[in-house]
$ cat model-v4.txt   # compact mmCIF, N, CA and C atoms
# COMPACT_ATOMS: atom_id res chain seq x y z
N MET H 1 0.82 -1.18 0.00
CA MET H 1 0.00 0.00 0.00
C MET H 1 0.86 1.24 0.00
N GLY H 2 0.33 2.32 -0.51
CA GLY H 2 1.07 3.58 -0.53
C GLY H 2 1.04 4.23 0.83
N SER H 3 1.76 5.30 0.97
CA SER H 3 1.85 5.99 2.25
C SER H 3 0.57 6.73 2.60
N GLY H 4 -0.37 6.80 1.68
CA GLY H 4 -1.60 7.54 1.92
C GLY H 4 -2.66 6.75 2.65
N GLY H 5 -2.41 5.47 2.95
CA GLY H 5 -3.40 4.67 3.66
C GLY H 5 -4.25 3.87 2.69
N ALA H 6 -5.28 3.23 3.22
CA ALA H 6 -6.12 2.33 2.44
C ALA H 6 -6.84 3.03 1.30
N GLY H 7 -7.22 4.27 1.50
CA GLY H 7 -7.96 5.00 0.48
C GLY H 7 -7.13 5.43 -0.70
N SER H 8 -5.82 5.45 -0.55
CA SER H 8 -4.97 5.94 -1.64
C SER H 8 -4.98 5.03 -2.85
N ASP H 9 -5.30 3.74 -2.65
CA ASP H 9 -5.38 2.82 -3.79
C ASP H 9 -6.55 3.17 -4.69
N ARG H 10 -7.57 3.77 -4.12
CA ARG H 10 -8.76 4.13 -4.90
C ARG H 10 -8.64 5.52 -5.51
N ALA H 11 -7.71 6.31 -5.04
CA ALA H 11 -7.61 7.70 -5.48
C ALA H 11 -7.42 7.83 -6.99
N PRO H 12 -6.52 7.05 -7.62
CA PRO H 12 -6.38 7.20 -9.08
C PRO H 12 -7.66 6.87 -9.83
N ALA H 13 -8.37 5.83 -9.40
CA ALA H 13 -9.62 5.47 -10.07
C ALA H 13 -10.67 6.56 -9.87
N ALA H 14 -10.73 7.11 -8.68
CA ALA H 14 -11.69 8.18 -8.41
C ALA H 14 -11.35 9.42 -9.24
N ALA H 15 -10.06 9.74 -9.31
CA ALA H 15 -9.64 10.90 -10.11
C ALA H 15 -9.97 10.69 -11.58
N ASP H 16 -9.77 9.48 -12.07
CA ASP H 16 -10.10 9.17 -13.47
C ASP H 16 -11.60 9.30 -13.71
N ALA H 17 -12.40 8.86 -12.74
CA ALA H 17 -13.85 8.97 -12.88
C ALA H 17 -14.29 10.43 -12.90
N VAL H 18 -13.67 11.25 -12.07
CA VAL H 18 -14.01 12.68 -12.06
C VAL H 18 -13.60 13.33 -13.37
N ARG H 19 -12.42 12.97 -13.88
CA ARG H 19 -11.98 13.52 -15.18
C ARG H 19 -12.92 13.10 -16.30
N ALA H 20 -13.37 11.87 -16.29
CA ALA H 20 -14.29 11.39 -17.32
C ALA H 20 -15.62 12.14 -17.25
N TYR H 21 -16.10 12.36 -16.02
CA TYR H 21 -17.35 13.11 -15.85
C TYR H 21 -17.17 14.54 -16.35
N ALA H 22 -16.04 15.14 -16.04
CA ALA H 22 -15.77 16.51 -16.50
C ALA H 22 -15.74 16.57 -18.02
N ALA H 23 -15.14 15.57 -18.65
CA ALA H 23 -15.07 15.54 -20.11
C ALA H 23 -16.47 15.41 -20.72
N ARG H 24 -17.31 14.54 -20.14
CA ARG H 24 -18.68 14.38 -20.65
C ARG H 24 -19.48 15.67 -20.46
N THR H 25 -19.31 16.29 -19.32
CA THR H 25 -20.03 17.54 -19.04
C THR H 25 -19.57 18.64 -19.98
N ARG H 26 -18.28 18.72 -20.22
CA ARG H 26 -17.73 19.72 -21.14
C ARG H 26 -18.26 19.50 -22.56
N ALA H 27 -18.32 18.24 -22.99
CA ALA H 27 -18.83 17.94 -24.33
C ALA H 27 -20.30 18.33 -24.46
N ALA H 28 -21.09 18.04 -23.42
CA ALA H 28 -22.51 18.42 -23.45
C ALA H 28 -22.67 19.94 -23.48
N ALA H 29 -21.86 20.64 -22.71
CA ALA H 29 -21.92 22.11 -22.68
C ALA H 29 -21.52 22.68 -24.04
N ASP H 30 -20.51 22.10 -24.66
CA ASP H 30 -20.09 22.57 -25.99
C ASP H 30 -21.19 22.36 -27.02
N GLN H 31 -21.87 21.22 -26.94
CA GLN H 31 -22.96 20.94 -27.87
C GLN H 31 -24.10 21.94 -27.65
N PHE H 32 -24.44 22.19 -26.41
CA PHE H 32 -25.51 23.15 -26.08
C PHE H 32 -25.15 24.54 -26.56
N ALA H 33 -23.89 24.94 -26.35
CA ALA H 33 -23.44 26.26 -26.80
C ALA H 33 -23.54 26.36 -28.33
N GLY H 34 -23.23 25.29 -29.02
CA GLY H 34 -23.35 25.28 -30.48
C GLY H 34 -24.78 25.49 -30.93
N VAL H 35 -25.71 24.85 -30.24
CA VAL H 35 -27.13 25.02 -30.57
C VAL H 35 -27.56 26.46 -30.34
N LEU H 36 -27.15 27.04 -29.21
CA LEU H 36 -27.51 28.43 -28.93
C LEU H 36 -26.91 29.39 -29.95
N GLU H 37 -25.66 29.13 -30.37
CA GLU H 37 -25.03 29.98 -31.39
C GLU H 37 -25.77 29.87 -32.72
N GLU H 38 -26.21 28.67 -33.05
CA GLU H 38 -26.97 28.46 -34.28
C GLU H 38 -28.29 29.23 -34.23
N ILE H 39 -28.98 29.18 -33.10
CA ILE H 39 -30.23 29.93 -32.95
C ILE H 39 -29.97 31.43 -33.03
N ALA H 40 -28.90 31.88 -32.39
CA ALA H 40 -28.58 33.31 -32.41
C ALA H 40 -28.27 33.78 -33.82
N THR H 41 -27.61 32.95 -34.61
CA THR H 41 -27.22 33.32 -35.97
C THR H 41 -28.39 33.24 -36.95
N HIS H 42 -29.17 32.15 -36.86
CA HIS H 42 -30.19 31.90 -37.88
C HIS H 42 -31.61 31.99 -37.37
N GLY H 43 -31.80 32.20 -36.07
CA GLY H 43 -33.15 32.23 -35.51
C GLY H 43 -33.69 30.83 -35.34
N LEU H 44 -34.88 30.77 -34.79
CA LEU H 44 -35.52 29.47 -34.58
C LEU H 44 -36.06 28.93 -35.90
N PRO H 45 -36.07 27.61 -36.06
CA PRO H 45 -36.63 27.03 -37.29
C PRO H 45 -38.15 27.21 -37.31
N SER H 46 -38.69 27.12 -38.48
CA SER H 46 -40.16 27.22 -38.59
C SER H 46 -40.79 25.98 -37.96
N VAL H 47 -42.04 26.11 -37.61
CA VAL H 47 -42.76 25.01 -36.97
C VAL H 47 -42.78 23.79 -37.89
N ASP H 48 -42.88 24.00 -39.19
CA ASP H 48 -42.93 22.90 -40.14
C ASP H 48 -41.64 22.09 -40.16
N GLU H 49 -40.53 22.69 -39.77
CA GLU H 49 -39.23 22.00 -39.77
C GLU H 49 -38.95 21.28 -38.45
N CYS H 50 -39.81 21.46 -37.46
CA CYS H 50 -39.58 20.90 -36.13
C CYS H 50 -40.23 19.53 -35.98
N THR H 51 -39.71 18.74 -35.04
CA THR H 51 -40.29 17.46 -34.70
C THR H 51 -41.17 17.64 -33.47
N LEU H 52 -42.36 17.08 -33.52
CA LEU H 52 -43.27 17.17 -32.39
C LEU H 52 -42.66 16.51 -31.16
N TRP H 53 -42.91 17.08 -29.98
CA TRP H 53 -42.31 16.52 -28.77
C TRP H 53 -42.82 15.11 -28.52
N GLU H 54 -44.05 14.81 -28.93
CA GLU H 54 -44.59 13.46 -28.75
C GLU H 54 -43.77 12.44 -29.54
N GLU H 55 -43.36 12.80 -30.75
CA GLU H 55 -42.52 11.91 -31.55
C GLU H 55 -41.16 11.71 -30.90
N LEU H 56 -40.59 12.80 -30.40
CA LEU H 56 -39.30 12.70 -29.73
C LEU H 56 -39.40 11.83 -28.49
N ARG H 57 -40.49 11.99 -27.73
CA ARG H 57 -40.69 11.17 -26.53
C ARG H 57 -40.78 9.69 -26.89
N GLU H 58 -41.56 9.36 -27.92
CA GLU H 58 -41.71 7.97 -28.32
C GLU H 58 -40.39 7.37 -28.80
N GLN H 59 -39.62 8.14 -29.54
CA GLN H 59 -38.30 7.68 -29.99
C GLN H 59 -37.39 7.40 -28.79
N HIS H 60 -37.42 8.31 -27.82
CA HIS H 60 -36.57 8.14 -26.64
C HIS H 60 -37.00 6.92 -25.81
N LEU H 61 -38.32 6.75 -25.64
CA LEU H 61 -38.81 5.60 -24.89
C LEU H 61 -38.46 4.29 -25.60
N ALA H 62 -38.54 4.28 -26.92
CA ALA H 62 -38.15 3.08 -27.67
C ALA H 62 -36.67 2.79 -27.50
N ARG H 63 -35.86 3.84 -27.52
CA ARG H 63 -34.41 3.67 -27.33
C ARG H 63 -34.11 3.11 -25.93
N LEU H 64 -34.81 3.63 -24.91
CA LEU H 64 -34.62 3.12 -23.55
C LEU H 64 -35.05 1.66 -23.45
N ALA H 65 -36.16 1.30 -24.10
CA ALA H 65 -36.64 -0.07 -24.05
C ALA H 65 -35.64 -1.03 -24.70
N ARG H 66 -34.98 -0.59 -25.76
CA ARG H 66 -33.97 -1.44 -26.41
C ARG H 66 -32.75 -1.63 -25.52
N GLN H 67 -32.45 -0.65 -24.67
CA GLN H 67 -31.29 -0.73 -23.81
C GLN H 67 -31.55 -1.56 -22.55
N ARG H 68 -32.80 -1.71 -22.19
CA ARG H 68 -33.15 -2.44 -20.97
C ARG H 68 -32.85 -3.93 -21.15
N PRO H 69 -32.15 -4.52 -20.21
CA PRO H 69 -31.89 -5.97 -20.32
C PRO H 69 -33.18 -6.75 -20.13
N ILE H 70 -33.30 -7.82 -20.87
CA ILE H 70 -34.49 -8.67 -20.78
C ILE H 70 -34.29 -9.68 -19.66
N VAL H 71 -35.23 -9.69 -18.73
CA VAL H 71 -35.15 -10.60 -17.59
C VAL H 71 -36.20 -11.68 -17.77
N ALA H 72 -35.77 -12.94 -17.67
CA ALA H 72 -36.70 -14.06 -17.84
C ALA H 72 -37.49 -14.31 -16.58
$ encode --input "model-v4.txt" --output "structure tokens"
Amino acid sequence: MGSGGAGSDRAPAAADAVRAYAARTRAAADQFAGVLEEIATHGLPSVDECTLWEELREQHLARLARQRPIVA
């Protein structure tokens, strides 16, 4: 064991997990900023170009159902 005690063995894994979370959060923020910049530059799309929220919800629920493990 290192000089830091029992918890020091977990420190690198915890630090890696925090870095991974920071990277995912940064990527999501960058994507959101891109969307906002697009809206600022070109305005909102017309209603005819948008997808209804009900369709988006159904697509998301179907995606979640595919990811769920099947239990016998």
$ axis_aligned_box --input "model-v4.txt" --around "segment 39-43 of chain H" --padding-each-side "5 Å" --output "AutoDock Vina command-line options"
--center_x -30.5 --center_y 31.5 --center_z -35.1 --size_x 16.5 --size_y 14.6 --size_z 15.5
$ atom_distance --input "model-v4.txt" --atom1 "atom CA of Ala27 of chain H" --atom2 "atom CA of Asp48 of chain H"
29.2 Å
$ atom_distance --input "model-v4.txt" --atom1 "atom CA of Leu64 of chain H" --atom2 "atom C of Asp30 of chain H"
23.7 Å
$ select_by_dssp --input "model-v4.txt" --residues "chain H" --states "alpha helix (DSSP H)" --output "PyMOL selection string"
chain H and resi 11-42+53-67
$ atom_distance --input "model-v4.txt" --atom1 "atom CA of Arg66 of chain H" --atom2 "atom CA of Glu54 of chain H"
18.4 Å
